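J.: Following this message is one structure expressed as structure tokens.
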Amino acid sequence: MLACEVLIATAPVRHQIRERKDYNLYTEMQTGRKLQMQTMDSALLELYQKGEITYDVALSHVREPDGIRHQTGDAER
């Protein structure tokens, strides 16, 4: 099993890099899902939903723990 981020060098991505706005690349990955881009959070969530990793492992490696809690319906943790 592998959890990784995928960023495709689309025109908007290349523009963000040229303009040194690398802080926008995470958003590009989030909105580029139809192009097979993915964030680490979405990769970990998918592995958890498939039962390949535990909730605690997913939660300990995500960028935005509250997002994972919300998507799994576990806002209590």
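Going by the structure tokens order, chains are called A, B, ..., each with residues numbered from 1, while ligands are numbered from 1 in the order shown.
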Give me, as a list in words, all polymer residues having an atom no more than 7 Å from stretch 21-35 of chain A, counting only C-alpha atoms and skipping those fewer than 5 positions away in the same chain.
T.: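 These residues fall inside the cut-off: Leu7, Val13 and Gln16 of chain A.
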J.: If you count only C-alpha atoms, which residues fall within 12 Å of stretch 59-67 of chain A, apart from same-chain ones fewer than 6 positions away, as a ChimeraX atom specification?
T.: /A:3-5,26,39-48,53,73-77
J.: Filtering to N, CA, C and O atoms, could you give me those residues as a CSV table (one decimal), in the first residue's frame?
T.:
```csv
chain,number,residue,atom,x,y,z
A,3,ALA,N,0.6,5.6,0.1
A,3,ALA,CA,-0.1,6.9,0.2
A,3,ALA,C,0.8,7.9,-0.3
A,3,ALA,O,1.9,8.1,0.2
A,4,CYS,N,0.4,8.7,-1.3
A,4,CYS,CA,1.2,9.7,-1.9
A,4,CYS,C,0.4,10.8,-2.5
A,4,CYS,O,-0.8,10.7,-2.7
A,5,GLU,N,1.0,12.0,-2.6
A,5,GLU,CA,0.3,13.1,-3.2
A,5,GLU,C,0.7,13.0,-4.7
A,5,GLU,O,1.8,12.6,-5.1
A,26,TYR,N,-1.4,23.0,-2.9
A,26,TYR,CA,-2.3,22.0,-2.2
A,26,TYR,C,-3.8,22.2,-2.8
A,26,TYR,O,-4.4,21.2,-3.0
A,39,THR,N,-4.4,14.7,-2.8
A,39,THR,CA,-3.6,15.1,-1.6
A,39,THR,C,-3.3,13.9,-0.8
A,39,THR,O,-3.9,12.8,-0.9
A,40,MET,N,-2.3,14.1,0.1
A,40,MET,CA,-2.0,13.0,1.1
A,40,MET,C,-3.2,12.6,1.9
A,40,MET,O,-3.5,11.5,2.2
A,41,ASP,N,-4.0,13.7,2.3
A,41,ASP,CA,-5.1,13.4,3.1
A,41,ASP,C,-6.1,12.5,2.4
A,41,ASP,O,-6.7,11.6,3.0
A,42,SER,N,-6.4,12.8,1.1
A,42,SER,CA,-7.4,12.0,0.4
A,42,SER,C,-6.8,10.6,0.2
A,42,SER,O,-7.6,9.6,0.3
A,43,ALA,N,-5.5,10.4,0.0
A,43,ALA,CA,-4.9,9.1,-0.1
A,43,ALA,C,-5.1,8.3,1.1
A,43,ALA,O,-5.4,7.1,1.1
A,44,LEU,N,-4.8,8.9,2.3
A,44,LEU,CA,-4.9,8.3,3.6
A,44,LEU,C,-6.4,7.9,3.9
A,44,LEU,O,-6.7,6.8,4.4
A,45,LEU,N,-7.3,8.8,3.6
A,45,LEU,CA,-8.7,8.6,3.8
A,45,LEU,C,-9.2,7.3,3.0
A,45,LEU,O,-9.9,6.5,3.5
A,46,GLU,N,-8.7,7.3,1.8
A,46,GLU,CA,-9.1,6.1,0.9
A,46,GLU,C,-8.5,4.8,1.5
A,46,GLU,O,-9.3,3.8,1.5
A,47,LEU,N,-7.3,4.8,1.9
A,47,LEU,CA,-6.7,3.6,2.5
A,47,LEU,C,-7.5,3.2,3.8
A,47,LEU,O,-7.7,2.0,4.0
A,48,TYR,N,-7.8,4.2,4.6
A,48,TYR,CA,-8.6,3.9,5.8
A,48,TYR,C,-10.0,3.3,5.4
A,48,TYR,O,-10.4,2.3,6.0
A,53,ILE,N,-5.5,0.6,6.4
A,53,ILE,CA,-4.8,1.2,7.5
A,53,ILE,C,-5.9,1.6,8.6
A,53,ILE,O,-7.1,1.6,8.3
A,73,GLY,N,-17.2,11.0,9.8
A,73,GLY,CA,-18.3,11.0,10.8
A,73,GLY,C,-17.8,10.9,12.2
A,73,GLY,O,-18.6,10.5,13.1
A,74,ASP,N,-16.6,11.1,12.4
A,74,ASP,CA,-16.0,10.9,13.8
A,74,ASP,C,-15.5,12.2,14.4
A,74,ASP,O,-14.4,12.4,14.7
A,75,ALA,N,-16.4,13.1,14.5
A,75,ALA,CA,-16.1,14.5,15.0
A,75,ALA,C,-15.8,14.4,16.5
A,75,ALA,O,-15.3,15.4,17.0
A,76,GLU,N,-16.1,13.3,17.1
A,76,GLU,CA,-15.9,13.2,18.6
A,76,GLU,C,-14.5,13.1,19.0
A,76,GLU,O,-14.1,13.5,20.1
A,77,ARG,N,-13.6,12.5,18.1
A,77,ARG,CA,-12.2,12.3,18.5
A,77,ARG,C,-11.4,13.5,18.4
A,77,ARG,O,-11.5,14.4,17.7
```
J.: I'd like the interatomic distance between atom CA of A:Gly51 and atom CA of A:His70, to a tenth of an Å.
T.: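 According to the coordinates, atom CA of A:Gly51 and atom CA of A:His70 are separated by 17.8 Å.
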J.: What's the separation between atom CA of A:Ile68 and atom CA of A:Ala11, in Å to one decimal place?
T.: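 Spanning atom CA of A:Ile68 to atom CA of A:Ala11 is a straight-line distance of 29.3 Å.
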J.: Among chain A, which ones does DSSP place in alpha helix (DSSP H), written as a PyMOL selection string?
T.: chain A and resi 11-18+25-31+40-49+55-61+65-72
J.: Atom CA of A:Gln36 to atom CA of A:His15: how many Å, to one decimal?
T.: 19.0 Å
